$ cat protein_38.txt   # compact mmCIF, C-alpha atoms
# COMPACT_ATOMS: atom_id res chain seq x y z
CA MET K 1 -26.42 -14.28 28.00
CA THR K 2 -28.74 -11.64 26.57
CA LEU K 3 -26.68 -10.97 23.45
CA PHE K 4 -25.76 -14.60 22.77
CA GLU K 5 -28.12 -14.75 19.79
CA TYR K 6 -25.76 -12.29 18.05
CA CYS K 7 -22.71 -14.49 18.65
CA GLY K 8 -20.88 -14.79 15.34
CA ILE K 9 -18.31 -17.46 16.24
CA ASP K 10 -18.77 -21.21 16.45
CA GLY K 11 -18.27 -23.41 19.48
CA VAL K 12 -19.13 -20.93 22.24
CA ASP K 13 -20.49 -22.59 25.41
CA ILE K 14 -22.50 -19.82 27.08
CA ASP K 15 -22.56 -21.57 30.46
CA ARG K 16 -18.74 -21.68 30.50
CA VAL K 17 -18.63 -18.06 29.30
CA ILE K 18 -20.80 -16.97 32.24
CA LYS K 19 -18.51 -18.78 34.69
CA MET K 20 -15.48 -17.23 33.01
CA ALA K 21 -17.05 -13.77 33.23
CA LEU K 22 -17.80 -14.30 36.92
CA VAL K 23 -14.24 -15.43 37.66
CA HIS K 24 -12.12 -13.24 35.37
CA ASP K 25 -12.07 -10.12 37.56
CA LEU K 26 -11.50 -11.80 40.94
CA VAL K 27 -7.77 -11.08 40.74
CA GLU K 28 -8.62 -7.38 41.00
CA ILE K 29 -9.38 -7.99 44.69
CA TYR K 30 -5.65 -7.69 45.38
CA ALA K 31 -4.30 -6.32 42.07
CA GLY K 32 -6.78 -3.46 41.70
CA ASP K 33 -8.64 -2.55 38.51
CA THR K 34 -6.07 -1.42 35.95
CA PHE K 35 -7.59 1.10 33.56
CA ALA K 36 -7.59 -0.26 30.01
CA TYR K 37 -5.85 2.78 28.53
CA ASP K 38 -3.36 3.31 31.38
CA ALA K 39 -0.05 2.41 29.65
CA LYS K 40 2.03 2.64 32.81
CA GLY K 41 -0.40 0.64 34.96
CA ASN K 42 -0.60 -2.03 32.27
CA GLU K 43 3.18 -2.55 32.36
CA SER K 44 2.94 -4.06 35.84
CA LYS K 45 -0.56 -5.53 35.45
CA GLU K 46 0.50 -9.07 34.53
CA GLU K 47 2.89 -9.35 37.47
CA ARG K 48 0.40 -7.86 39.96
CA GLU K 49 -2.45 -10.05 38.78
CA LYS K 50 -0.33 -13.20 38.89
CA GLU K 51 0.62 -12.48 42.50
CA SER K 52 -3.01 -11.79 43.30
CA ALA K 53 -4.11 -15.03 41.63
CA ASN K 54 -1.58 -17.06 43.63
CA LYS K 55 -2.84 -15.56 46.87
CA LEU K 56 -6.52 -15.78 45.98
CA PHE K 57 -6.81 -19.21 44.43
CA ALA K 58 -4.75 -20.69 47.27
CA LEU K 59 -7.84 -20.12 49.44
CA LEU K 60 -9.75 -22.76 47.46
CA PRO K 61 -9.56 -26.56 47.45
CA ALA K 62 -6.94 -27.66 44.88
CA GLU K 63 -9.38 -28.86 42.24
CA GLN K 64 -11.45 -25.68 42.37
CA ALA K 65 -8.34 -23.50 42.41
CA LYS K 66 -7.25 -25.21 39.20
CA GLU K 67 -10.65 -24.69 37.55
CA TYR K 68 -10.87 -20.99 38.46
CA ARG K 69 -7.27 -20.30 37.56
CA SER K 70 -7.62 -21.92 34.16
CA LEU K 71 -10.86 -20.00 33.44
CA TRP K 72 -9.04 -16.76 34.35
CA GLU K 73 -5.99 -17.61 32.21
CA GLU K 74 -8.17 -18.66 29.30
CA PHE K 75 -10.04 -15.36 29.48
CA ASP K 76 -6.80 -13.41 29.60
CA HIS K 77 -5.22 -15.20 26.61
CA MET K 78 -8.31 -14.43 24.53
CA GLU K 79 -7.74 -17.29 22.09
CA THR K 80 -10.59 -19.79 22.55
CA PRO K 81 -14.13 -19.09 21.28
CA ASP K 82 -15.40 -18.83 24.88
CA ALA K 83 -12.66 -16.33 25.80
CA ILE K 84 -13.17 -14.21 22.69
CA TYR K 85 -16.92 -14.00 23.31
CA ALA K 86 -16.40 -13.26 27.04
CA SER K 87 -13.89 -10.49 26.22
CA ALA K 88 -16.18 -9.06 23.57
CA ILE K 89 -19.04 -8.78 26.10
CA ASP K 90 -16.75 -7.42 28.83
CA ARG K 91 -15.43 -4.70 26.55
CA LEU K 92 -18.79 -3.94 24.97
CA GLN K 93 -20.31 -3.38 28.40
CA SER K 94 -17.55 -0.97 29.35
CA LEU K 95 -17.92 0.95 26.05
CA HIS K 96 -21.68 1.08 26.56
CA ASN K 97 -21.35 2.35 30.14
CA ILE K 98 -18.87 5.08 29.18
CA HIS K 99 -21.11 6.06 26.26
CA LEU K 100 -24.18 6.30 28.52
CA SER K 101 -22.31 8.43 31.03
CA GLY K 102 -21.33 11.01 28.40
CA GLY K 103 -17.81 9.78 27.62
CA HIS K 104 -16.27 11.06 30.87
CA THR K 105 -13.64 8.29 31.15
CA TRP K 106 -12.49 8.69 27.52
CA GLU K 107 -12.26 12.43 27.84
CA MET K 108 -10.34 12.30 31.14
CA HIS K 109 -7.68 10.08 29.55
CA SER K 110 -7.69 11.69 26.07
CA VAL K 111 -8.48 8.33 24.50
CA THR K 112 -8.27 8.19 20.70
CA ALA K 113 -10.72 6.44 18.34
CA ASP K 114 -8.06 4.02 17.06
CA LYS K 115 -7.37 2.80 20.59
CA ILE K 116 -11.07 2.19 21.21
CA TYR K 117 -11.44 0.30 17.93
CA LYS K 118 -8.35 -1.78 18.72
CA ARG K 119 -9.73 -2.63 22.14
CA MET K 120 -13.10 -3.59 20.64
CA MET K 121 -11.58 -6.09 18.16
CA PRO K 122 -12.92 -9.15 20.06
CA ALA K 123 -16.41 -7.72 19.56
CA LYS K 124 -15.79 -7.36 15.83
CA THR K 125 -15.11 -11.11 15.74
CA ALA K 126 -17.64 -12.32 18.28
CA LEU K 127 -20.51 -9.89 17.74
CA PRO K 128 -20.19 -8.70 14.13
CA GLU K 129 -23.77 -7.40 13.94
CA LEU K 130 -23.03 -5.01 16.80
CA TRP K 131 -20.01 -3.41 15.12
CA GLU K 132 -22.27 -0.77 13.62
CA TYR K 133 -23.37 0.22 17.13
CA ILE K 134 -19.73 0.54 18.22
CA GLU K 135 -18.94 2.77 15.24
CA ARG K 136 -21.96 4.89 16.07
CA VAL K 137 -20.76 5.32 19.66
CA VAL K 138 -17.24 6.29 18.55
CA ASN K 139 -18.51 8.71 15.90
CA GLU K 140 -20.76 10.40 18.42
CA GLY K 141 -17.76 10.75 20.77
CA LEU K 142 -15.68 12.28 17.99
CA GLU K 143 -18.44 14.74 17.09
CA LYS K 144 -19.02 15.75 20.70
CA GLY K 145 -15.26 15.96 21.32
CA TYR K 146 -14.85 13.50 24.19
CA ILE K 147 -13.04 11.02 21.93
CA GLN K 148 -9.88 12.24 20.20
CA ALA K 149 -9.32 11.72 16.47
CA GLU K 150 -6.73 9.11 15.52
CA GLY K 151 -3.21 10.18 16.40
CA ALA K 152 -4.38 13.41 18.06
CA ASN K 153 -2.47 12.79 21.28
CA VAL K 154 0.66 11.20 19.75
CA MET J 1 -20.61 -22.05 42.02
CA THR J 2 -17.94 -22.14 44.73
CA LEU J 3 -20.14 -23.80 47.35
CA PHE J 4 -21.84 -26.24 45.02
CA GLU J 5 -19.90 -29.17 46.47
CA TYR J 6 -21.87 -28.61 49.69
CA CYS J 7 -25.23 -28.76 47.93
CA GLY J 8 -27.41 -31.18 49.87
CA ILE J 9 -30.38 -31.48 47.49
CA ASP J 10 -30.67 -33.58 44.35
CA GLY J 11 -31.32 -32.37 40.84
CA VAL J 12 -29.69 -28.94 41.03
CA ASP J 13 -28.37 -27.67 37.67
CA ILE J 14 -25.67 -25.19 38.64
CA ASP J 15 -25.63 -23.54 35.19
CA ARG J 16 -29.35 -22.78 35.49
CA VAL J 17 -28.84 -21.60 39.07
CA ILE J 18 -26.20 -19.10 37.93
CA LYS J 19 -28.54 -17.74 35.26
CA MET J 20 -31.34 -17.55 37.81
CA ALA J 21 -29.07 -15.70 40.23
CA LEU J 22 -28.07 -13.23 37.51
CA VAL J 23 -31.69 -12.56 36.54
CA HIS J 24 -33.53 -12.66 39.88
CA ASP J 25 -32.70 -9.12 41.01
CA LEU J 26 -33.26 -7.31 37.70
CA VAL J 27 -36.76 -6.27 38.77
CA GLU J 28 -35.12 -4.09 41.44
CA ILE J 29 -34.12 -1.71 38.65
CA TYR J 30 -37.62 -0.21 38.86
CA ALA J 31 -38.98 -1.74 42.09
CA GLY J 32 -35.99 -0.90 44.30
CA ASP J 33 -34.35 -3.28 46.76
CA THR J 34 -36.88 -4.10 49.46
CA PHE J 35 -35.11 -4.84 52.75
CA ALA J 36 -35.77 -8.43 53.83
CA TYR J 37 -36.98 -7.47 57.31
CA ASP J 38 -38.99 -4.40 56.26
CA ALA J 39 -42.57 -5.60 56.94
CA LYS J 40 -44.22 -2.52 55.41
CA GLY J 41 -42.04 -2.51 52.29
CA ASN J 42 -42.70 -6.20 51.79
CA GLU J 43 -46.47 -5.64 51.73
CA SER J 44 -46.20 -3.83 48.39
CA LYS J 45 -43.14 -5.72 47.11
CA GLU J 46 -45.01 -8.26 44.99
CA GLU J 47 -47.09 -5.61 43.24
CA ARG J 48 -44.09 -3.30 42.64
CA GLU J 49 -41.92 -6.11 41.34
CA LYS J 50 -44.61 -7.41 39.02
CA GLU J 51 -45.01 -3.95 37.49
CA SER J 52 -41.25 -3.68 37.16
CA ALA J 53 -41.05 -7.10 35.51
CA ASN J 54 -43.72 -6.15 32.98
CA LYS J 55 -41.83 -3.00 32.04
CA LEU J 56 -38.39 -4.60 32.03
CA PHE J 57 -38.99 -7.86 30.23
CA ALA J 58 -41.01 -6.05 27.57
CA LEU J 59 -37.66 -4.65 26.37
CA LEU J 60 -36.56 -8.13 25.29
CA PRO J 61 -37.54 -10.31 22.32
CA ALA J 62 -40.57 -12.43 23.29
CA GLU J 63 -38.73 -15.72 23.69
CA GLN J 64 -36.04 -14.19 25.90
CA ALA J 65 -38.61 -12.25 27.92
CA LYS J 66 -40.35 -15.54 28.63
CA GLU J 67 -37.11 -17.27 29.68
CA TYR J 68 -36.03 -14.44 32.02
CA ARG J 69 -39.48 -14.01 33.50
CA SER J 70 -39.83 -17.69 34.24
CA LEU J 71 -36.36 -17.83 35.85
CA TRP J 72 -37.36 -14.87 38.04
CA GLU J 73 -40.72 -16.40 38.97
CA GLU J 74 -39.13 -19.77 39.69
CA PHE J 75 -36.60 -18.09 41.99
CA ASP J 76 -39.33 -16.20 43.77
CA HIS J 77 -41.55 -19.25 44.35
CA MET J 78 -38.61 -21.10 45.90
CA GLU J 79 -40.02 -24.56 45.18
CA THR J 80 -37.72 -26.25 42.64
CA PRO J 81 -34.26 -27.58 43.60
CA ASP J 82 -32.60 -24.86 41.49
CA ALA J 83 -34.63 -22.10 43.17
CA ILE J 84 -34.02 -23.45 46.68
CA TYR J 85 -30.28 -23.62 46.07
CA ALA J 86 -30.22 -20.14 44.46
CA SER J 87 -32.18 -18.66 47.40
CA ALA J 88 -29.92 -20.39 49.89
CA ILE J 89 -26.83 -18.84 48.28
CA ASP J 90 -28.49 -15.42 47.93
CA ARG J 91 -29.46 -15.37 51.61
CA LEU J 92 -26.19 -16.87 52.81
CA GLN J 93 -24.23 -14.14 51.02
CA SER J 94 -26.31 -11.44 52.62
CA LEU J 95 -25.90 -13.01 56.10
CA HIS J 96 -22.17 -13.32 55.49
CA ASN J 97 -21.84 -9.69 54.36
CA ILE J 98 -23.77 -8.35 57.35
CA HIS J 99 -21.69 -10.56 59.65
CA LEU J 100 -18.43 -9.27 58.16
CA SER J 101 -19.54 -5.67 58.50
CA GLY J 102 -20.23 -6.05 62.24
CA GLY J 103 -23.99 -6.63 62.11
CA HIS J 104 -24.87 -3.01 61.30
CA THR J 105 -27.98 -3.86 59.24
CA TRP J 106 -29.39 -6.23 61.85
CA GLU J 107 -28.78 -3.76 64.65
CA MET J 108 -30.34 -0.85 62.75
CA HIS J 109 -33.57 -2.82 62.22
CA SER J 110 -33.59 -4.65 65.62
CA VAL J 111 -33.68 -7.99 63.83
CA THR J 112 -34.31 -11.03 66.04
CA ALA J 113 -32.54 -14.40 65.84
CA ASP J 114 -35.76 -16.27 64.98
CA LYS J 115 -36.32 -14.03 61.95
CA ILE J 116 -32.80 -14.68 60.72
CA TYR J 117 -33.18 -18.44 61.16
CA LYS J 118 -36.53 -18.37 59.39
CA ARG J 119 -35.02 -16.45 56.48
CA MET J 120 -32.11 -18.90 56.30
CA MET J 121 -34.36 -21.99 55.99
CA PRO J 122 -33.50 -22.55 52.28
CA ALA J 123 -29.85 -22.83 53.36
CA LYS J 124 -30.76 -25.45 55.96
CA THR J 125 -32.21 -27.55 53.14
CA ALA J 126 -29.75 -26.75 50.37
CA LEU J 127 -26.49 -26.38 52.32
CA PRO J 128 -26.94 -28.48 55.48
CA GLU J 129 -23.20 -28.61 56.24
CA LEU J 130 -23.13 -24.82 56.47
CA TRP J 131 -25.90 -24.58 59.06
CA GLU J 132 -23.31 -24.72 61.82
CA TYR J 133 -21.67 -21.60 60.36
CA ILE J 134 -25.03 -19.79 60.33
CA GLU J 135 -25.63 -20.69 63.98
CA ARG J 136 -22.16 -19.44 64.84
CA VAL J 137 -22.88 -16.11 63.11
CA VAL J 138 -26.21 -15.69 64.92
CA ASN J 139 -24.74 -16.65 68.29
CA GLU J 140 -21.94 -14.14 67.86
CA GLY J 141 -24.53 -11.47 67.04
CA LEU J 142 -26.53 -12.34 70.15
CA GLU J 143 -23.42 -12.20 72.34
CA LYS J 144 -22.29 -8.89 70.88
CA GLY J 145 -25.83 -7.51 71.06
CA TYR J 146 -26.46 -6.57 67.42
CA ILE J 147 -28.96 -9.42 67.04
CA GLN J 148 -31.96 -9.42 69.37
CA ALA J 149 -33.01 -12.54 71.28
CA GLU J 150 -36.18 -14.22 70.04
CA GLY J 151 -39.27 -12.18 70.72
CA ALA J 152 -37.33 -9.23 72.11
CA ASN J 153 -39.00 -6.69 69.85
CA VAL J 154 -42.51 -8.21 69.82

$ encode --input "protein_38.txt" --output "structure tokens"
Amino acid sequence: MTLFEYCGIDGVDIDRVIKMALVHDLVEIYAGDTFAYDAKGNESKEEREKESANKLFALLPAEQAKEYRSLWEEFDHMETPDAIYASAIDRLQSLHNIHLSGGHTWEMHSVTADKIYKRMMPAKTALPELWEYIERVVNEGLEKGYIQAEGANV
Amino acid sequence: MTLFEYCGIDGVDIDRVIKMALVHDLVEIYAGDTFAYDAKGNESKEEREKESANKLFALLPAEQAKEYRSLWEEFDHMETPDAIYASAIDRLQSLHNIHLSGGHTWEMHSVTADKIYKRMMPAKTALPELWEYIERVVNEGLEKGYIQAEGANV
């Protein structure tokens, strides 16, 4: 909502994006929050989240279940303008939080710069003017040593 | 968003309500969260929150500052349909949370039933079909003893 003026893609409906953002993490109630750079956890993520979604959305009236489920799926597929913008914001916030807390999460998991850039791709599309900020954050992490150089942990 | 089908007042714009709900607590960043039944804390709440708002919204571009500030003020004045519905949901969630956690907060502050009903008035207007649920919650609290009968702590 606050960064919408920097949105660089056409056709984004910010009201739908806000609803999508509010709904997209509900499946974590039963599936848990899978860490973005946890390769093993991400193998089973889809299955776990689908099970969680079935259980969770079954609590709602049919019409509402359908609406919430389709918002969640749309977010996850990251193909529509709304979903790309929502993902960009979701990932930017997480990058920003880790940055402000001194890179702890990146350091703990030996995350490399290329993985961060790959993960931030929706932001490159949806918030092009903020890419410079993302590069600044990554470069600071590389300098201070809590982000690994590309390929360092291969 | 989920309970909107129970909304009993006309002219509520749920997209605006969601924005209002997202914005209305931002002032707590500097002002802290004043407990609803803390009479002393509530004496200085308005002043503290106004100072916080001045500091916080000054971080934003002028037009956005104006939008956020007016959403916050509208919520606080609780006069428009959007603000009544947003307050109803905000207060219902807090009642629901305290109920689900065994009434700890009410017990700790010796809260009386009449104070809870008074605080839930926006929900009586905005979500009339849920009033029965609120009464059920209060009655259970009275039976179990973590809500005080009217006037008990006067």

$ closest_residue --input "protein_38.txt" --among "J:Met121, J:Ala53, J:Val111, J:Ile29" --to "Tyr85 (chain J)" --atoms "only C-alpha atoms"
J:Met121

$ closest_residue --input "protein_38.txt" --among "K:Val137, K:Leu56, K:Ala113, K:Cys7" --to "Tyr37 (chain K)" --atoms "only C-alpha atoms"
K:Ala113

$ closest_atom_pairs --input "protein_38.txt" --of "chain K" --to "chain J" --cutoff "12 Å" --atoms "only C-alpha atoms" --output "tab-separated table"
residue	atom	partner	partner_atom	distance
K:Met1	CA	J:Lys19	CA	8.3
K:Thr2	CA	J:Gln64	CA	7.8
K:Leu3	CA	J:Gln64	CA	10.2
K:Phe4	CA	J:Gln64	CA	10.8
K:Glu5	CA	J:Gln64	CA	10.0
K:Asp13	CA	J:Asp15	CA	11.1
K:Ile14	CA	J:Asp15	CA	9.5
K:Asp15	CA	J:Asp15	CA	6.0
K:Arg16	CA	J:Asp15	CA	8.5
K:Val17	CA	J:Asp15	CA	10.7
K:Ile18	CA	J:Ile18	CA	8.1
K:Lys19	CA	J:Met1	CA	8.3
K:Met20	CA	J:Met1	CA	11.4
K:Ala21	CA	J:Ile18	CA	11.6
K:Leu22	CA	J:Met1	CA	9.7
K:Val23	CA	J:Met1	CA	10.2
K:Phe57	CA	J:Thr2	CA	11.5
K:Leu59	CA	J:Thr2	CA	11.3
K:Leu60	CA	J:Thr2	CA	8.7
K:Pro61	CA	J:Thr2	CA	9.9
K:Glu63	CA	J:Thr2	CA	11.2
K:Gln64	CA	J:Thr2	CA	7.8
K:Ala65	CA	J:Thr2	CA	10.0
K:Glu67	CA	J:Thr2	CA	10.5
K:Tyr68	CA	J:Thr2	CA	9.5

$ axis_aligned_box --input "protein_38.txt" --around "region 71-84 of chain K" --padding-each-side "8 Å" --output "JSON"
{"center_x": -10.3, "center_y": -16.7, "center_z": 27.8, "size_x": 26.2, "size_y": 22.6, "size_z": 29.1}

$ closest_residue --input "protein_38.txt" --among "J:His99, J:Lys45, J:Lys55, J:Lys118" --to "Asp76 (chain J)" --atoms "all atoms listed in the file"
J:Lys45

$ residues_near_point --input "protein_38.txt" --point "(-37.2, 0.2, 45.9)" --cutoff "12 Å" --atoms "all atoms listed in the file" --output "number ranges by chain"
J: 25-36, 38, 41-42, 44-49, 52

$ atom_distance --input "protein_38.txt" --atom1 "CA of Asp82 (chain K)" --atom2 "CA of Val12 (chain J)"
23.8 Å

$ closest_residue --input "protein_38.txt" --among "K:Tyr117, K:Ser101, K:Pro122, K:His96" --to "His77 (chain K)" --atoms "all atoms listed in the file"
K:Pro122

$ atom_distance --input "protein_38.txt" --atom1 "CA of Gly145 (chain J)" --atom2 "CA of Thr112 (chain J)"
10.5 Å

$ decode --input "protein_38.txt" --residues "region 26-40 of chain J" --atoms "N, CA and C atoms" --output "mmCIF file, in the first residue's frame"
data_model
loop_
_atom_site.group_PDB
_atom_site.id
_atom_site.type_symbol
_atom_site.label_atom_id
_atom_site.label_comp_id
_atom_site.auth_asym_id
_atom_site.auth_seq_id
_atom_site.Cartn_x
_atom_site.Cartn_y
_atom_site.Cartn_z
ATOM 1 N N LEU J 26 -0.770 1.930 13.798
ATOM 2 C CA LEU J 26 0.616 2.344 13.544
ATOM 3 C C LEU J 26 1.123 3.305 14.610
ATOM 4 N N VAL J 27 0.226 4.157 15.129
ATOM 5 C CA VAL J 27 0.666 5.134 16.128
ATOM 6 C C VAL J 27 1.210 4.461 17.388
ATOM 7 N N GLU J 28 0.874 3.182 17.582
ATOM 8 C CA GLU J 28 1.385 2.471 18.759
ATOM 9 C C GLU J 28 2.889 2.228 18.688
ATOM 10 N N ILE J 29 3.462 2.422 17.490
ATOM 11 C CA ILE J 29 4.915 2.272 17.355
ATOM 12 C C ILE J 29 5.617 3.163 18.384
ATOM 13 N N TYR J 30 5.171 4.408 18.488
ATOM 14 C CA TYR J 30 5.786 5.318 19.476
ATOM 15 C C TYR J 30 4.942 5.470 20.747
ATOM 16 N N ALA J 31 3.613 5.333 20.616
ATOM 17 C CA ALA J 31 2.744 5.622 21.772
ATOM 18 C C ALA J 31 2.525 4.402 22.658
ATOM 19 N N GLY J 32 2.921 3.211 22.165
ATOM 20 C CA GLY J 32 2.662 1.984 22.914
ATOM 21 C C GLY J 32 1.203 1.578 22.786
ATOM 22 N N ASP J 33 0.905 0.344 23.205
ATOM 23 C CA ASP J 33 -0.460 -0.165 23.142
ATOM 24 C C ASP J 33 -1.117 0.073 24.499
ATOM 25 N N THR J 34 -2.047 1.027 24.516
ATOM 26 C CA THR J 34 -2.732 1.334 25.772
ATOM 27 C C THR J 34 -3.852 0.327 25.999
ATOM 28 N N PHE J 35 -3.828 -0.356 27.125
ATOM 29 C CA PHE J 35 -4.833 -1.378 27.417
ATOM 30 C C PHE J 35 -6.214 -0.735 27.529
ATOM 31 N N ALA J 36 -7.184 -1.362 26.863
ATOM 32 C CA ALA J 36 -8.531 -0.779 26.743
ATOM 33 C C ALA J 36 -9.146 -0.398 28.088
ATOM 34 N N TYR J 37 -8.870 -1.194 29.134
ATOM 35 C CA TYR J 37 -9.530 -0.950 30.420
ATOM 36 C C TYR J 37 -8.597 -0.287 31.441
ATOM 37 N N ASP J 38 -7.497 0.296 30.919
ATOM 38 C CA ASP J 38 -6.541 0.988 31.783
ATOM 39 C C ASP J 38 -6.926 2.470 31.836
ATOM 40 N N ALA J 39 -7.689 2.846 32.887
ATOM 41 C CA ALA J 39 -8.244 4.206 32.976
ATOM 42 C C ALA J 39 -7.134 5.259 32.978
ATOM 43 N N LYS J 40 -6.075 5.009 33.737
ATOM 44 C CA LYS J 40 -4.983 5.976 33.851
ATOM 45 C C LYS J 40 -4.249 6.140 32.516
#
